[in-house]
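**Student:** Okay, so here is start03.txt, and as you'll see once you scroll down, it has compact mmCIF, C-alpha atoms.
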# COMPACT_ATOMS: atom_id res chain seq x y z
CA MET A 1 -93.42 -84.61 -78.55
CA GLU A 2 -94.03 -83.69 -82.19
CA ARG A 3 -92.33 -85.78 -84.83
CA GLN A 4 -89.58 -84.04 -86.77
CA PRO A 5 -89.13 -84.44 -90.55
CA LYS A 6 -86.65 -87.15 -91.46
CA GLY A 7 -83.25 -86.19 -92.86
CA LYS A 8 -83.82 -88.15 -96.06
CA GLN A 9 -86.88 -86.10 -96.91
CA TRP A 10 -84.93 -82.87 -96.64
CA VAL A 11 -82.16 -84.30 -98.82
CA ILE A 12 -84.70 -85.31 -101.47
CA SER A 13 -86.36 -81.89 -101.36
CA SER A 14 -83.01 -80.13 -101.72
CA ALA A 15 -81.99 -82.35 -104.63
CA VAL A 16 -85.26 -81.71 -106.46
CA ALA A 17 -84.91 -77.98 -105.94
CA ALA A 18 -81.35 -78.04 -107.29
CA PHE A 19 -82.51 -80.00 -110.33
CA CYS A 20 -85.22 -77.44 -111.01
CA LEU A 21 -82.71 -74.61 -110.88
CA ALA A 22 -80.37 -76.45 -113.26
CA CYS A 23 -83.17 -77.02 -115.78
CA LEU A 24 -84.08 -73.38 -115.64
CA VAL A 25 -80.50 -72.18 -116.19
CA VAL A 26 -79.16 -74.54 -118.85
CA SER A 27 -82.24 -75.25 -120.91
CA GLY A 28 -84.71 -73.00 -122.64
CA SER A 29 -86.12 -75.83 -124.74
CA LEU A 30 -89.58 -77.29 -124.58
CA ALA A 31 -88.16 -80.47 -123.07
CA GLY A 32 -86.41 -78.44 -120.41
CA ARG A 33 -89.61 -76.65 -119.50
CA ALA A 34 -91.46 -79.95 -119.28
CA ALA A 35 -88.74 -81.36 -117.03
CA LEU A 36 -88.98 -78.27 -114.88
CA LEU A 37 -92.74 -78.59 -114.47
CA LEU A 38 -92.37 -82.26 -113.59
CA ALA A 39 -89.68 -81.46 -111.04
CA LEU A 40 -91.83 -78.76 -109.47
CA ALA A 41 -94.69 -81.25 -109.11
CA VAL A 42 -92.37 -83.75 -107.43
CA LEU A 43 -91.05 -81.02 -105.15
CA ALA A 44 -94.57 -80.03 -104.13
CA LEU A 45 -95.40 -83.63 -103.27
CA ALA A 46 -92.17 -84.01 -101.30
CA LEU A 47 -92.75 -80.84 -99.32
CA THR A 48 -96.32 -81.89 -98.58
CA ALA A 49 -95.06 -85.22 -97.23
CA VAL A 50 -92.45 -83.42 -95.12
CA LEU A 51 -94.97 -81.02 -93.61
CA HIS A 52 -97.46 -83.78 -92.97
CA SER A 53 -94.88 -86.01 -91.29
CA GLY A 54 -94.02 -83.16 -88.93
CA GLY A 55 -97.66 -82.34 -88.22
CA TRP A 56 -97.00 -78.83 -89.47
CA ASP A 57 -99.80 -78.69 -92.04
CA ASP A 58 -102.59 -78.94 -89.46
CA ALA A 59 -100.89 -76.50 -87.12
CA LEU A 60 -100.30 -74.04 -89.94
CA ALA A 61 -103.90 -74.33 -91.13
CA ARG A 62 -105.23 -73.69 -87.63
CA ARG A 63 -102.89 -70.75 -87.23
CA LEU A 64 -103.86 -69.14 -90.53
CA ALA A 65 -107.57 -69.68 -89.79
CA GLY A 66 -107.15 -67.47 -86.76
CA ARG A 67 -105.94 -64.47 -88.80
CA PRO A 68 -102.75 -64.19 -86.67
CA TRP A 69 -101.53 -61.17 -88.63
CA ARG A 70 -104.20 -58.97 -87.03
CA ASP A 71 -103.46 -57.32 -83.71
CA GLY A 72 -106.05 -56.32 -81.14
CA ARG A 73 -106.59 -52.87 -82.63
CA GLU A 74 -107.30 -54.26 -86.09
CA VAL A 75 -109.75 -56.81 -84.68
CA LEU A 76 -111.55 -54.05 -82.78
CA SER A 77 -111.72 -51.79 -85.84
CA LEU A 78 -113.22 -54.60 -87.93
CA ALA A 79 -115.71 -55.58 -85.24
CA LEU A 80 -116.98 -52.02 -84.82
CA ARG A 81 -117.94 -51.94 -88.51
CA HIS A 82 -120.14 -54.99 -87.96
CA LEU A 83 -122.06 -53.84 -84.88
CA PRO A 84 -125.34 -53.50 -86.85
CA GLU A 85 -125.36 -57.30 -87.23
CA VAL A 86 -127.03 -57.53 -83.81
CA PHE A 87 -130.02 -55.42 -84.90
CA ILE A 88 -133.35 -57.25 -84.96
CA VAL A 89 -135.66 -56.78 -87.97
CA THR A 90 -139.36 -56.64 -87.10
CA PRO A 91 -142.07 -57.99 -89.45
CA LYS A 92 -142.82 -54.38 -90.46
CA GLY A 93 -139.20 -53.81 -91.45
CA SER A 94 -138.16 -51.55 -88.58
CA LEU A 95 -135.00 -52.21 -86.58
CA LEU A 96 -134.67 -52.95 -82.88
CA ALA A 97 -131.24 -52.43 -81.31
CA PRO A 98 -130.31 -54.44 -78.19
CA SER A 99 -129.17 -52.04 -75.48
CA ALA A 100 -126.31 -54.26 -74.29
CA VAL A 101 -123.84 -55.82 -76.70
CA GLU A 102 -120.81 -58.06 -76.13
CA LEU A 103 -117.76 -57.79 -78.36
CA ARG A 104 -115.99 -61.11 -77.84
CA MET A 105 -112.29 -61.42 -78.64
CA ASN A 106 -109.53 -63.93 -77.99
CA PRO A 107 -107.72 -63.19 -74.69
CA ALA A 108 -104.46 -62.66 -76.61
CA ASP A 109 -106.09 -59.94 -78.72
CA VAL A 110 -107.59 -58.31 -75.63
CA ARG A 111 -104.13 -58.24 -74.01
CA SER A 112 -102.68 -56.76 -77.20
CA LEU A 113 -105.36 -54.10 -77.15
CA ALA A 114 -104.86 -53.37 -73.44
CA GLU A 115 -101.17 -52.64 -74.06
CA VAL A 116 -102.19 -49.64 -76.16
CA ILE A 117 -105.38 -48.40 -74.49
CA ASP A 118 -107.28 -49.23 -71.30
CA ILE A 119 -110.20 -51.60 -71.85
CA PRO A 120 -112.72 -49.31 -70.08
CA VAL A 121 -111.78 -46.62 -72.60
CA VAL A 122 -112.22 -49.16 -75.41
CA ASN A 123 -115.70 -49.96 -74.07
CA THR A 124 -116.60 -46.27 -74.06
CA PHE A 125 -115.32 -45.81 -77.62
CA ALA A 126 -117.16 -48.93 -78.81
CA THR A 127 -120.38 -47.76 -77.16
CA GLU A 128 -120.13 -44.40 -78.93
CA ALA A 129 -119.63 -46.19 -82.25
CA TYR A 130 -122.68 -48.39 -81.55
CA VAL A 131 -124.84 -45.36 -80.69
CA SER A 132 -123.75 -43.79 -83.98
CA GLU A 133 -124.82 -46.93 -85.87
CA ILE A 134 -128.18 -46.94 -84.07
CA THR A 135 -128.76 -43.34 -85.10
CA SER A 136 -127.67 -43.80 -88.72
CA HIS A 137 -129.93 -46.86 -89.13
CA SER A 138 -132.87 -45.22 -87.28
CA ALA A 139 -133.05 -48.25 -85.00
CA GLN A 140 -135.21 -48.31 -81.86
CA VAL A 141 -133.84 -48.93 -78.37
CA LEU A 142 -135.76 -49.81 -75.22
CA PRO A 143 -136.73 -46.49 -73.60
CA ASP A 144 -134.54 -45.45 -70.65
CA ALA A 145 -132.21 -48.41 -71.31
CA ARG A 146 -128.50 -47.81 -70.96
CA VAL A 147 -126.73 -48.55 -74.23
CA GLU A 148 -123.34 -50.20 -73.73
CA VAL A 149 -120.80 -52.32 -75.60
CA THR A 150 -118.42 -54.44 -73.56
CA VAL A 151 -115.25 -56.19 -74.70
CA VAL A 152 -115.29 -59.77 -73.37
CA GLU A 153 -112.45 -62.31 -73.39
CA ASP A 154 -113.52 -65.56 -75.03
CA PRO A 155 -110.95 -68.37 -75.57
CA ALA A 156 -113.35 -70.00 -78.05
CA VAL A 157 -112.81 -67.11 -80.47
CA PRO A 158 -109.71 -67.68 -82.67
CA ILE A 159 -106.89 -65.14 -82.56
CA GLY A 160 -107.52 -62.35 -85.05
CA ARG A 161 -111.28 -62.88 -85.11
CA TYR A 162 -114.25 -61.57 -83.14
CA ARG A 163 -117.89 -62.24 -82.31
CA VAL A 164 -120.52 -59.57 -81.79
CA ARG A 165 -123.64 -60.67 -79.93
CA GLN A 166 -126.36 -59.16 -77.83
CA GLU A 167 -126.13 -59.67 -74.11
CA ARG A 168 -128.58 -62.11 -72.61
CA ILE A 169 -131.85 -60.25 -72.03
CA THR A 170 -133.65 -60.59 -68.70
CA PRO A 171 -137.41 -60.01 -68.39
CA ALA A 172 -136.73 -56.55 -66.96
CA ARG A 173 -134.96 -55.57 -70.19
CA MET A 174 -137.45 -56.86 -72.75
CA TRP A 175 -138.93 -54.79 -75.58
CA PRO A 176 -142.04 -52.66 -74.94
CA ALA A 177 -144.07 -55.03 -77.15
CA ALA A 178 -143.46 -57.72 -74.53
CA VAL A 179 -145.01 -55.79 -71.62
CA LYS A 180 -148.56 -56.18 -70.37
CA SER A 181 -150.93 -53.23 -70.03
CA ASN A 182 -150.37 -53.22 -66.26
CA GLY A 183 -146.60 -52.94 -66.76
CA ASP A 184 -145.72 -56.55 -65.93
CA PRO A 185 -143.35 -58.25 -68.36
CA VAL A 186 -144.69 -60.89 -70.73
CA GLN A 187 -142.58 -63.99 -71.11
CA ASN A 188 -142.09 -65.05 -74.73
CA PRO A 189 -143.28 -68.55 -75.62
CA LEU A 190 -140.48 -71.10 -75.44
CA LEU A 191 -139.03 -71.85 -78.88
CA ARG A 192 -137.54 -75.33 -79.06
CA LEU A 193 -135.65 -76.99 -81.94
CA ILE A 194 -135.37 -80.77 -81.96
CA THR A 195 -132.63 -82.03 -84.29
CA ARG A 196 -131.72 -85.70 -84.42
CA GLY A 197 -132.74 -86.08 -80.79
CA ASP A 198 -130.78 -83.01 -79.66
CA VAL A 199 -132.79 -80.17 -78.12
CA THR A 200 -131.93 -76.47 -78.03
CA GLU A 201 -134.34 -73.77 -76.87
CA THR A 202 -134.73 -70.07 -76.12
CA ARG A 203 -137.19 -67.35 -75.13
CA ILE A 204 -134.93 -64.52 -76.34
CA SER A 205 -136.22 -62.53 -79.31
CA GLY A 206 -133.42 -62.08 -81.82
CA ALA A 207 -131.81 -65.44 -81.03
CA SER A 208 -129.45 -66.75 -83.70
CA ALA A 209 -129.23 -70.36 -84.88
CA GLY A 210 -126.17 -72.01 -86.40
CA ARG A 211 -123.28 -74.41 -85.91
CA THR A 212 -120.91 -71.96 -84.17
CA GLN A 213 -120.70 -71.80 -80.39
CA ALA A 214 -121.63 -68.12 -80.69
CA ALA A 215 -125.15 -69.08 -81.81
CA ASP A 216 -127.94 -68.90 -79.24
CA LEU A 217 -129.50 -72.03 -80.74
CA LEU A 218 -126.63 -74.42 -81.44
CA LEU A 219 -127.13 -76.80 -84.37
CA PRO A 220 -125.05 -79.88 -85.28
CA ASN A 221 -121.85 -79.20 -87.20
CA GLU A 222 -123.07 -80.25 -90.65
CA ALA A 223 -121.88 -79.09 -94.09
CA THR A 224 -125.22 -77.49 -94.99
CA VAL A 225 -125.45 -75.51 -91.75
CA SER A 226 -123.88 -72.04 -91.71
CA ARG A 227 -122.06 -70.60 -88.71
CA ILE A 228 -125.00 -68.20 -88.22
CA HIS A 229 -127.75 -69.66 -90.38
CA ALA A 230 -130.92 -67.89 -89.21
CA ARG A 231 -132.39 -65.51 -86.67
CA PHE A 232 -135.61 -66.01 -84.68
CA THR A 233 -137.63 -62.98 -83.62
CA CYS A 234 -140.65 -63.00 -81.31
CA ILE A 235 -143.09 -60.09 -81.58
CA ASP A 236 -146.50 -60.19 -79.85
CA GLU A 237 -145.84 -63.81 -78.83
CA VAL A 238 -145.43 -64.92 -82.47
CA TRP A 239 -142.10 -66.45 -83.53
CA ARG A 240 -140.63 -65.67 -86.94
CA ILE A 241 -137.51 -66.90 -88.73
CA ALA A 242 -135.25 -65.09 -91.21
CA SER A 243 -132.54 -66.83 -93.23
CA LEU A 244 -129.00 -65.49 -92.88
CA GLY A 245 -126.88 -68.36 -94.22
CA ARG A 246 -125.79 -68.89 -97.81
CA ASN A 247 -127.37 -72.33 -98.01
CA GLY A 248 -130.91 -71.06 -97.44
CA VAL A 249 -133.75 -72.20 -95.20
CA LEU A 250 -136.90 -74.18 -96.00
CA VAL A 251 -139.91 -74.11 -93.69
CA ASN A 252 -142.25 -77.04 -94.36
CA GLU A 253 -140.31 -77.46 -97.66
CA SER A 254 -141.06 -73.87 -98.74
CA PRO A 255 -137.84 -71.86 -99.30
CA LEU A 256 -137.47 -68.41 -97.78
CA SER A 257 -136.39 -65.62 -100.12
CA GLY A 258 -133.71 -63.18 -99.01
CA ARG A 259 -134.08 -62.27 -95.36
CA GLU A 260 -137.88 -62.28 -95.26
CA GLN A 261 -139.57 -62.97 -91.94
CA HIS A 262 -141.61 -66.18 -91.90
CA VAL A 263 -143.93 -67.21 -89.08
CA VAL A 264 -143.05 -70.53 -87.47
CA ASN A 265 -145.65 -72.58 -85.62
CA ASP A 266 -145.58 -75.57 -83.34
CA GLY A 267 -144.92 -78.70 -85.40
CA ASP A 268 -143.24 -76.92 -88.34
CA VAL A 269 -140.19 -78.50 -89.96
CA ILE A 270 -137.12 -76.42 -90.80
CA ARG A 271 -134.59 -77.67 -93.34
CA TRP A 272 -131.15 -76.07 -92.95
CA GLY A 273 -130.18 -75.88 -96.63
CA ARG A 274 -131.77 -76.47 -100.01
CA GLN A 275 -130.28 -79.95 -100.46
CA SER A 276 -132.61 -82.92 -100.05
CA ASP A 277 -130.29 -84.42 -97.43
CA ALA A 278 -129.85 -81.17 -95.48
CA LEU A 279 -130.22 -81.19 -91.71
CA VAL A 280 -133.82 -80.98 -90.44
CA SER A 281 -135.21 -79.60 -87.16
CA LYS A 282 -138.72 -79.91 -85.76
CA VAL A 283 -140.19 -76.82 -84.08
CA GLU A 284 -141.93 -76.94 -80.72
CA ILE A 285 -143.48 -73.82 -79.22
CA VAL A 286 -144.46 -74.08 -75.58
CA ARG A 287 -146.75 -71.38 -74.20
Since I need it in another form, could you write the structure as structure tokens?

**Tutor:**
Amino acid sequence: MERQPKGKQWVISSAVAAFCLACLVVSGSLAGRAALLLALAVLALALTAVLHSGGWDDALARRLAGRPWRDGREVLSLALRHLPEVFIVTPKGSLLAPSAVELRMNPADVRSLAEVIDIPVVNTFATEAYVSEITSHSAQVLPDARVEVTVVEDPAVPIGRYRVRQERITPARMWPAAVKSNGDPVQNPLLRLITRGDVTETRISGASAGRTQAADLLLPNEATVSRIHARFTCIDEVWRIASLGRNGVLVNESPLSGREQHVVNDGDVIRWGRQSDALVSKVEIVR
């Protein structure tokens, strides 16, 4: 059971508030203003103690972090504007668009959305919006692939927020550059990041790296690591990294500029941030 604020704290808060009001009404002097400012400071401290004793501050912070004032329709509208975030930039600067995209929302937001419009209709509308973005950005899609956006319930996504990510790609749905001359699919080399003994790996071109659970390559939750810090792209069996986070990326102590693509090789060292004590990962590429 949560602890409730003590009666004395409420009495103190009420008394301080009454004193502030009295100062404001009866005194326009400099001393009165000073007393008022002092009283307001005391009131703020008292209210902070009250909220903390009731455990309300943490609950309120978690609630506000989830953007609770947005309903499902607002979350969907915002997410649709960010669909191009899943596009993959090739070393030549062209864009590749995954054919299947997941729009992840909190179950409560999905239920809110379903009360207004059927989810299959939402999927159709979202797919049309994604196709429009592909066209406007002149992005390439795997030939004969069915383009689709699917709303997915994800309890890990806070209420009022969303995550847009490409669906896991199977060998049958890989890009044409990853197909042999005889038509058989080529498996990308395994990209592995070793960070403080923890190992995360992928073969998916376009994989994201960061501290959020939405990242394909999950990194430790450190201050210098962004939620989505970088993206790894594999073209012609060569892995490249592009920085997406605000803190920057260093490869073998050389900083990347903007979102440039930088080749990563077996044995390279990636520093997640410009600080000297930033988190470091060692790269292993297994062919």

**Student:** What is the atom CA of A:Gly258-atom CA of A:Ala230 distance in Å, reported with one decimal?

**Tutor:** 11.2 Å

**Student:** Please measure the separation of atom CA of A:Ile228 and atom CA of A:Ala207, giving the value in Å to one decimal.

**Tutor:**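 Computed distance, atom CA of A:Ile228 to atom CA of A:Ala207, equals 10.3 Å.
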
**Student:** May I ask which of the residues A:Val131, A:Val152, A:Ile88, A:Val141 is the closest one to A:Arg104, counting all atoms listed in the file?

**Tutor:**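 Of all the options, A:Val152 lies closest to A:Arg104.
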
**Student:** Using all atoms listed in the file, pick whichever of A:Glu260, A:Gln187, A:Gly210, A:Pro220 has the shortest atom-to-atom distance to A:Glu237.

**Tutor:** A:Gln187

**Student:** In the coordinate frame of the file, compute which residues have an atom within 9 Å of (-127.8, -73.4, -87.0) when using all atoms listed in the file, and state them as a ChimeraX atom specification.

**Tutor:** /A:208-212,215-221,225-230,245,272

**Student:** Using all atoms listed in the file, which residues sit within 12 Å of A:Asp109 once same-chain residues fewer than 5 positions away are excluded, as a ChimeraX atom specification?

**Tutor:** /A:66-76,103-104,114-116,119,151-155,157-162

**Student:** State, in Å with one decimal place, the distance from atom CA of A:Val110 to atom CA of A:Thr124.

**Tutor:**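 Answer for the atom CA of A:Val110 to atom CA of A:Thr124 separation: 15.1 Å.
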
**Student:** Neighbouring residues of A:Tyr130 were defined as those with any atom within 12 Å, considering only C-alpha atoms; residues of the same chain fewer than 4 positions away were excluded. Please report them as a PDB file with C-alpha atoms, in the coordinates of the input.

**Tutor:**
ATOM      1  CA  ALA A  79    -115.710 -55.580 -85.240  1.00  0.00           C
ATOM      2  CA  LEU A  80    -116.980 -52.020 -84.820  1.00  0.00           C
ATOM      3  CA  ARG A  81    -117.940 -51.940 -88.510  1.00  0.00           C
ATOM      4  CA  HIS A  82    -120.140 -54.990 -87.960  1.00  0.00           C
ATOM      5  CA  LEU A  83    -122.060 -53.840 -84.880  1.00  0.00           C
ATOM      6  CA  PRO A  84    -125.340 -53.500 -86.850  1.00  0.00           C
ATOM      7  CA  GLU A  85    -125.360 -57.300 -87.230  1.00  0.00           C
ATOM      8  CA  VAL A  86    -127.030 -57.530 -83.810  1.00  0.00           C
ATOM      9  CA  PHE A  87    -130.020 -55.420 -84.900  1.00  0.00           C
ATOM     10  CA  ALA A  97    -131.240 -52.430 -81.310  1.00  0.00           C
ATOM     11  CA  PRO A  98    -130.310 -54.440 -78.190  1.00  0.00           C
ATOM     12  CA  SER A  99    -129.170 -52.040 -75.480  1.00  0.00           C
ATOM     13  CA  ALA A 100    -126.310 -54.260 -74.290  1.00  0.00           C
ATOM     14  CA  VAL A 101    -123.840 -55.820 -76.700  1.00  0.00           C
ATOM     15  CA  GLU A 102    -120.810 -58.060 -76.130  1.00  0.00           C
ATOM     16  CA  LEU A 103    -117.760 -57.790 -78.360  1.00  0.00           C
ATOM     17  CA  ASN A 123    -115.700 -49.960 -74.070  1.00  0.00           C
ATOM     18  CA  THR A 124    -116.600 -46.270 -74.060  1.00  0.00           C
ATOM     19  CA  PHE A 125    -115.320 -45.810 -77.620  1.00  0.00           C
ATOM     20  CA  ALA A 126    -117.160 -48.930 -78.810  1.00  0.00           C
ATOM     21  CA  ILE A 134    -128.180 -46.940 -84.070  1.00  0.00           C
ATOM     22  CA  THR A 135    -128.760 -43.340 -85.100  1.00  0.00           C
ATOM     23  CA  SER A 136    -127.670 -43.800 -88.720  1.00  0.00           C
ATOM     24  CA  HIS A 137    -129.930 -46.860 -89.130  1.00  0.00           C
ATOM     25  CA  ALA A 139    -133.050 -48.250 -85.000  1.00  0.00           C
ATOM     26  CA  VAL A 141    -133.840 -48.930 -78.370  1.00  0.00           C
ATOM     27  CA  VAL A 147    -126.730 -48.550 -74.230  1.00  0.00           C
ATOM     28  CA  GLU A 148    -123.340 -50.200 -73.730  1.00  0.00           C
ATOM     29  CA  VAL A 149    -120.800 -52.320 -75.600  1.00  0.00           C
ATOM     30  CA  THR A 150    -118.420 -54.440 -73.560  1.00  0.00           C
ATOM     31  CA  VAL A 164    -120.520 -59.570 -81.790  1.00  0.00           C
ATOM     32  CA  GLN A 166    -126.360 -59.160 -77.830  1.00  0.00           C
TER      33      GLN A 166
END

**Student:** Nearest residue to A:Ile235 out of A:Val122, A:Leu96, A:Leu256, A:Val199, using only C-alpha atoms?

**Tutor:** A:Leu96

**Student:** As a list in words, please: the residues near A:Val263 (cut-off 7 Å, all atoms listed in the file, same-chain neighbours under 4 positions excluded).

**Tutor:** Trp239, Arg240 and Ile241 of chain A

**Student:** Identify the residues around (-131.6, -86.5, -92.1) within a radius of 12 Å, measuring from all atoms listed in the file in the coordinates stated by the file, and give them as a ChimeraX atom specification.

**Tutor:** /A:195-197,220,222,224,269-273,275-282
